[in-house]
file input-v1.txt (compact mmCIF, C-alpha atoms)
# COMPACT_ATOMS: atom_id res chain seq x y z
CA MET U 1 0.08 -6.66 -10.55
CA THR U 2 0.57 -8.41 -7.24
CA LEU U 3 2.67 -6.83 -4.51
CA SER U 4 4.52 -9.13 -2.12
CA LEU U 5 3.76 -7.48 1.19
CA GLU U 6 3.99 -9.15 4.58
CA LEU U 7 1.82 -7.85 7.40
CA ASP U 8 2.58 -8.37 11.08
CA ARG U 9 -0.80 -8.26 12.76
CA THR U 10 0.83 -8.48 16.20
CA SER U 11 2.94 -5.36 15.61
CA ARG U 12 2.18 -2.05 17.27
CA VAL U 13 2.66 -0.40 13.87
CA PRO U 14 -0.76 0.13 12.25
CA ILE U 15 -1.43 -2.06 9.20
CA TYR U 16 -1.81 0.94 6.87
CA GLN U 17 1.66 2.17 7.91
CA GLN U 18 3.10 -1.29 7.29
CA VAL U 19 1.57 -1.28 3.80
CA ALA U 20 2.80 2.25 3.03
CA GLY U 21 6.27 1.53 4.43
CA GLN U 22 6.73 -1.64 2.39
CA ILE U 23 5.60 0.08 -0.82
CA LYS U 24 8.10 2.90 -0.09
CA GLU U 25 10.84 0.29 0.33
CA LEU U 26 9.94 -1.35 -2.99
CA ILE U 27 10.01 2.05 -4.73
CA GLY U 28 13.29 3.02 -3.06
CA ALA U 29 14.91 -0.30 -4.02
CA GLY U 30 13.89 0.15 -7.65
CA SER U 31 11.52 -2.84 -7.61
CA LEU U 32 8.70 -0.44 -8.45
CA PRO U 33 10.13 2.07 -10.95
CA ALA U 34 8.44 5.36 -11.82
CA GLY U 35 5.30 4.87 -13.87
CA THR U 36 4.54 1.41 -12.46
CA ARG U 37 0.82 0.91 -12.00
CA LEU U 38 -0.13 -0.21 -8.50
CA PRO U 39 -3.02 -2.58 -7.75
CA THR U 40 -6.43 -1.04 -7.21
CA ILE U 41 -7.45 -0.40 -3.62
CA ARG U 42 -10.01 -3.19 -3.81
CA ARG U 43 -7.58 -5.73 -5.31
CA LEU U 44 -4.80 -4.99 -2.79
CA ALA U 45 -7.25 -5.08 0.12
CA ASN U 46 -8.52 -8.48 -1.02
CA GLN U 47 -4.97 -9.77 -1.51
CA LEU U 48 -3.89 -8.67 1.99
CA GLY U 49 -7.14 -9.55 3.74
CA VAL U 50 -7.68 -6.02 5.04
CA THR U 51 -10.40 -3.42 4.57
CA ARG U 52 -10.38 -1.08 1.59
CA LEU U 53 -10.10 1.82 4.03
CA THR U 54 -6.75 0.44 5.26
CA VAL U 55 -5.30 0.42 1.73
CA GLN U 56 -6.92 3.76 0.90
CA THR U 57 -5.25 5.31 3.95
CA ALA U 58 -1.87 3.81 2.99
CA TYR U 59 -2.19 5.12 -0.58
CA ALA U 60 -3.25 8.56 0.71
CA GLU U 61 -0.15 8.71 2.91
CA LEU U 62 2.09 7.72 -0.01
CA GLN U 63 0.39 10.25 -2.28
CA SER U 64 0.74 13.11 0.21
CA SER U 65 4.45 12.31 0.49
CA GLY U 66 4.91 12.32 -3.28
CA TRP U 67 5.65 8.60 -3.67
CA ILE U 68 2.61 7.82 -5.82
CA GLU U 69 0.10 9.65 -8.02
CA ALA U 70 -3.55 8.70 -8.37
CA THR U 71 -5.83 9.76 -11.19
CA VAL U 72 -9.52 8.93 -11.14
CA GLY U 73 -10.29 6.63 -14.05
CA ARG U 74 -6.63 5.84 -14.80
CA GLY U 75 -5.27 4.28 -11.64
CA THR U 76 -2.47 4.71 -9.15
CA PHE U 77 1.12 4.94 -10.33
CA VAL U 78 4.58 5.33 -8.84
CA SER U 79 5.47 9.01 -9.09
CA ALA U 80 8.31 10.15 -11.33
CA GLN U 81 9.38 12.35 -8.41
CA ALA U 82 9.51 9.42 -5.97
CA GLN U 83 12.63 9.65 -3.86
CA GLY U 84 14.84 6.59 -3.75
call {"tool": "encode", "arguments": {"input": "input-v1.txt", "output": "structure tokens"}}
result
Amino acid sequence: MTLSLELDRTSRVPIYQQVAGQIKELIGAGSLPAGTRLPTIRRLANQLGVTRLTVQTAYAELQSSGWIEATVGRGTFVSAQAQG
């Protein structure tokens, strides 16, 4: 899966927050329904041209807020409890 995310590297908003915010918007709009598998951290980092730590931090923020669920060995998925 490829996510269409646009990063503004001149913005004062940190890149990881831009990534997390855009994924939240896609979930909220229904573009990423519950159960959708998200790209791996490595794949999304390569796609966006950022470090893996940036994507890992964005995913961690989304997971702590209940938007996504990550299971080692299975992947990262949109949570069934994600709020729209």
call {"tool": "residues_near_point", "arguments": {"input": "input-v1.txt", "point": "(1.0, 4.7, 8.2)", "cutoff": "12 Å", "atoms": "all atoms listed in the file", "output": "ChimeraX atom specification"}}
result
/U:12-24,54-65
call {"tool": "residues_around", "arguments": {"input": "input-v1.txt", "residues": "stretch 69-75 of chain U", "least_positions_apart": "2", "cutoff": "9 Å", "atoms": "all atoms listed in the file", "output": "list of chain:residue names"}}
result
U:Arg37, U:Leu38, U:Pro39, U:Thr40, U:Tyr59, U:Leu62, U:Gln63, U:Ser64, U:Gly66, U:Trp67, U:Phe77, U:Val78, U:Ser79, U:Ala80
call {"tool": "atom_distance", "arguments": {"input": "input-v1.txt", "atom1": "atom CA of U:Thr76", "atom2": "atom CA of U:Asp8"}}
result
24.6 Å
call {"tool": "atom_distance", "arguments": {"input": "input-v1.txt", "atom1": "atom CA of U:Ala29", "atom2": "atom CA of U:Leu53"}}
result
26.4 Å
call {"tool": "atom_distance", "arguments": {"input": "input-v1.txt", "atom1": "atom CA of U:Leu7", "atom2": "atom CA of U:Arg52"}}
result
15.1 Å
call {"tool": "closest_residue", "arguments": {"input": "input-v1.txt", "among": "U:Pro33, U:Val50, U:Leu26, U:Ala45", "to": "U:Arg9", "atoms": "all atoms listed in the file"}}
result
U:Val50
call {"tool": "closest_residue", "arguments": {"input": "input-v1.txt", "among": "U:Ala34, U:Ile68, U:Ala82, U:Leu44", "to": "U:Met1", "atoms": "all atoms listed in the file"}}
result
U:Leu44
call {"tool": "closest_residue", "arguments": {"input": "input-v1.txt", "among": "U:Ile41, U:Gly35, U:Thr51, U:Ser11", "to": "U:Gln81", "atoms": "only C-alpha atoms"}}
result
U:Gly35
call {"tool": "axis_aligned_box", "arguments": {"input": "input-v1.txt", "around": "stretch 62-78 of chain U", "padding_each_side": "3 Å", "output": "JSON"}}
result
{"center_x": -2.3, "center_y": 8.7, "center_z": -7.2, "size_x": 21.9, "size_y": 14.8, "size_z": 21.3}
call {"tool": "decode", "arguments": {"input": "input-v1.txt", "residues": "stretch 14-42 of chain U", "atoms": "N, CA and C atoms", "output": "PDB file, in the first residue's frame"}}
result
ATOM      1  N   PRO U  14       6.603  19.615  13.120  1.00  0.00           N
ATOM      2  CA  PRO U  14       7.564  18.529  12.885  1.00  0.00           C
ATOM      3  C   PRO U  14       7.028  17.522  11.855  1.00  0.00           C
ATOM      4  N   ILE U  15       7.931  16.934  11.099  1.00  0.00           N
ATOM      5  CA  ILE U  15       7.551  15.991  10.044  1.00  0.00           C
ATOM      6  C   ILE U  15       6.713  14.841  10.607  1.00  0.00           C
ATOM      7  N   TYR U  16       7.112  14.288  11.755  1.00  0.00           N
ATOM      8  CA  TYR U  16       6.361  13.154  12.297  1.00  0.00           C
ATOM      9  C   TYR U  16       4.918  13.554  12.609  1.00  0.00           C
ATOM     10  N   GLN U  17       4.694  14.797  13.052  1.00  0.00           N
ATOM     11  CA  GLN U  17       3.332  15.253  13.325  1.00  0.00           C
ATOM     12  C   GLN U  17       2.551  15.454  12.027  1.00  0.00           C
ATOM     13  N   GLN U  18       3.239  15.876  10.969  1.00  0.00           N
ATOM     14  CA  GLN U  18       2.588  15.997   9.673  1.00  0.00           C
ATOM     15  C   GLN U  18       2.131  14.616   9.183  1.00  0.00           C
ATOM     16  N   VAL U  19       3.009  13.627   9.326  1.00  0.00           N
ATOM     17  CA  VAL U  19       2.685  12.266   8.905  1.00  0.00           C
ATOM     18  C   VAL U  19       1.495  11.749   9.715  1.00  0.00           C
ATOM     19  N   ALA U  20       1.572  11.862  11.042  1.00  0.00           N
ATOM     20  CA  ALA U  20       0.495  11.372  11.902  1.00  0.00           C
ATOM     21  C   ALA U  20      -0.819  12.094  11.595  1.00  0.00           C
ATOM     22  N   GLY U  21      -0.753  13.403  11.431  1.00  0.00           N
ATOM     23  CA  GLY U  21      -1.961  14.186  11.165  1.00  0.00           C
ATOM     24  C   GLY U  21      -2.636  13.801   9.859  1.00  0.00           C
ATOM     25  N   GLN U  22      -1.837  13.569   8.820  1.00  0.00           N
ATOM     26  CA  GLN U  22      -2.408  13.204   7.528  1.00  0.00           C
ATOM     27  C   GLN U  22      -3.000  11.799   7.557  1.00  0.00           C
ATOM     28  N   ILE U  23      -2.379  10.890   8.291  1.00  0.00           N
ATOM     29  CA  ILE U  23      -2.948   9.544   8.413  1.00  0.00           C
ATOM     30  C   ILE U  23      -4.262   9.618   9.188  1.00  0.00           C
ATOM     31  N   LYS U  24      -4.316  10.443  10.250  1.00  0.00           N
ATOM     32  CA  LYS U  24      -5.576  10.636  10.991  1.00  0.00           C
ATOM     33  C   LYS U  24      -6.664  11.151  10.068  1.00  0.00           C
ATOM     34  N   GLU U  25      -6.317  12.115   9.206  1.00  0.00           N
ATOM     35  CA  GLU U  25      -7.303  12.674   8.275  1.00  0.00           C
ATOM     36  C   GLU U  25      -7.819  11.604   7.319  1.00  0.00           C
ATOM     37  N   LEU U  26      -6.928  10.760   6.815  1.00  0.00           N
ATOM     38  CA  LEU U  26      -7.340   9.690   5.906  1.00  0.00           C
ATOM     39  C   LEU U  26      -8.260   8.688   6.608  1.00  0.00           C
ATOM     40  N   ILE U  27      -7.955   8.384   7.875  1.00  0.00           N
ATOM     41  CA  ILE U  27      -8.808   7.473   8.647  1.00  0.00           C
ATOM     42  C   ILE U  27     -10.165   8.134   8.895  1.00  0.00           C
ATOM     43  N   GLY U  28     -10.147   9.386   9.324  1.00  0.00           N
ATOM     44  CA  GLY U  28     -11.377  10.107   9.620  1.00  0.00           C
ATOM     45  C   GLY U  28     -12.277  10.274   8.408  1.00  0.00           C
ATOM     46  N   ALA U  29     -11.671  10.414   7.228  1.00  0.00           N
ATOM     47  CA  ALA U  29     -12.442  10.599   5.990  1.00  0.00           C
ATOM     48  C   ALA U  29     -12.945   9.270   5.430  1.00  0.00           C
ATOM     49  N   GLY U  30     -12.515   8.166   6.027  1.00  0.00           N
ATOM     50  CA  GLY U  30     -12.943   6.863   5.550  1.00  0.00           C
ATOM     51  C   GLY U  30     -12.078   6.307   4.429  1.00  0.00           C
ATOM     52  N   SER U  31     -11.025   7.027   4.053  1.00  0.00           N
ATOM     53  CA  SER U  31     -10.119   6.540   3.004  1.00  0.00           C
ATOM     54  C   SER U  31      -9.303   5.343   3.490  1.00  0.00           C
ATOM     55  N   LEU U  32      -9.107   5.276   4.798  1.00  0.00           N
ATOM     56  CA  LEU U  32      -8.418   4.137   5.417  1.00  0.00           C
ATOM     57  C   LEU U  32      -9.373   3.514   6.439  1.00  0.00           C
ATOM     58  N   PRO U  33     -10.236   2.591   6.007  1.00  0.00           N
ATOM     59  CA  PRO U  33     -11.191   1.989   6.935  1.00  0.00           C
ATOM     60  C   PRO U  33     -10.513   1.068   7.954  1.00  0.00           C
ATOM     61  N   ALA U  34     -11.241   0.747   9.001  1.00  0.00           N
ATOM     62  CA  ALA U  34     -10.732  -0.148  10.042  1.00  0.00           C
ATOM     63  C   ALA U  34     -10.246  -1.445   9.414  1.00  0.00           C
ATOM     64  N   GLY U  35      -9.100  -1.912   9.894  1.00  0.00           N
ATOM     65  CA  GLY U  35      -8.529  -3.156   9.400  1.00  0.00           C
ATOM     66  C   GLY U  35      -7.565  -2.978   8.242  1.00  0.00           C
ATOM     67  N   THR U  36      -7.478  -1.769   7.694  1.00  0.00           N
ATOM     68  CA  THR U  36      -6.547  -1.515   6.591  1.00  0.00           C
ATOM     69  C   THR U  36      -5.112  -1.633   7.086  1.00  0.00           C
ATOM     70  N   ARG U  37      -4.319  -2.372   6.341  1.00  0.00           N
ATOM     71  CA  ARG U  37      -2.909  -2.534   6.712  1.00  0.00           C
ATOM     72  C   ARG U  37      -2.124  -1.324   6.209  1.00  0.00           C
ATOM     73  N   LEU U  38      -1.351  -0.726   7.096  1.00  0.00           N
ATOM     74  CA  LEU U  38      -0.517   0.415   6.735  1.00  0.00           C
ATOM     75  C   LEU U  38       0.841  -0.067   6.258  1.00  0.00           C
ATOM     76  N   PRO U  39       1.552   0.769   5.499  1.00  0.00           N
ATOM     77  CA  PRO U  39       2.898   0.381   5.051  1.00  0.00           C
ATOM     78  C   PRO U  39       3.824   0.158   6.249  1.00  0.00           C
ATOM     79  N   THR U  40       4.836  -0.664   6.040  1.00  0.00           N
ATOM     80  CA  THR U  40       5.824  -0.855   7.100  1.00  0.00           C
ATOM     81  C   THR U  40       6.547   0.466   7.342  1.00  0.00           C
ATOM     82  N   ILE U  41       7.160   0.577   8.493  1.00  0.00           N
ATOM     83  CA  ILE U  41       7.913   1.785   8.828  1.00  0.00           C
ATOM     84  C   ILE U  41       8.995   2.029   7.778  1.00  0.00           C
ATOM     85  N   ARG U  42       9.708   0.994   7.413  1.00  0.00           N
ATOM     86  CA  ARG U  42      10.792   1.128   6.441  1.00  0.00           C
ATOM     87  C   ARG U  42      10.255   1.591   5.086  1.00  0.00           C
TER      88      ARG U  42
END
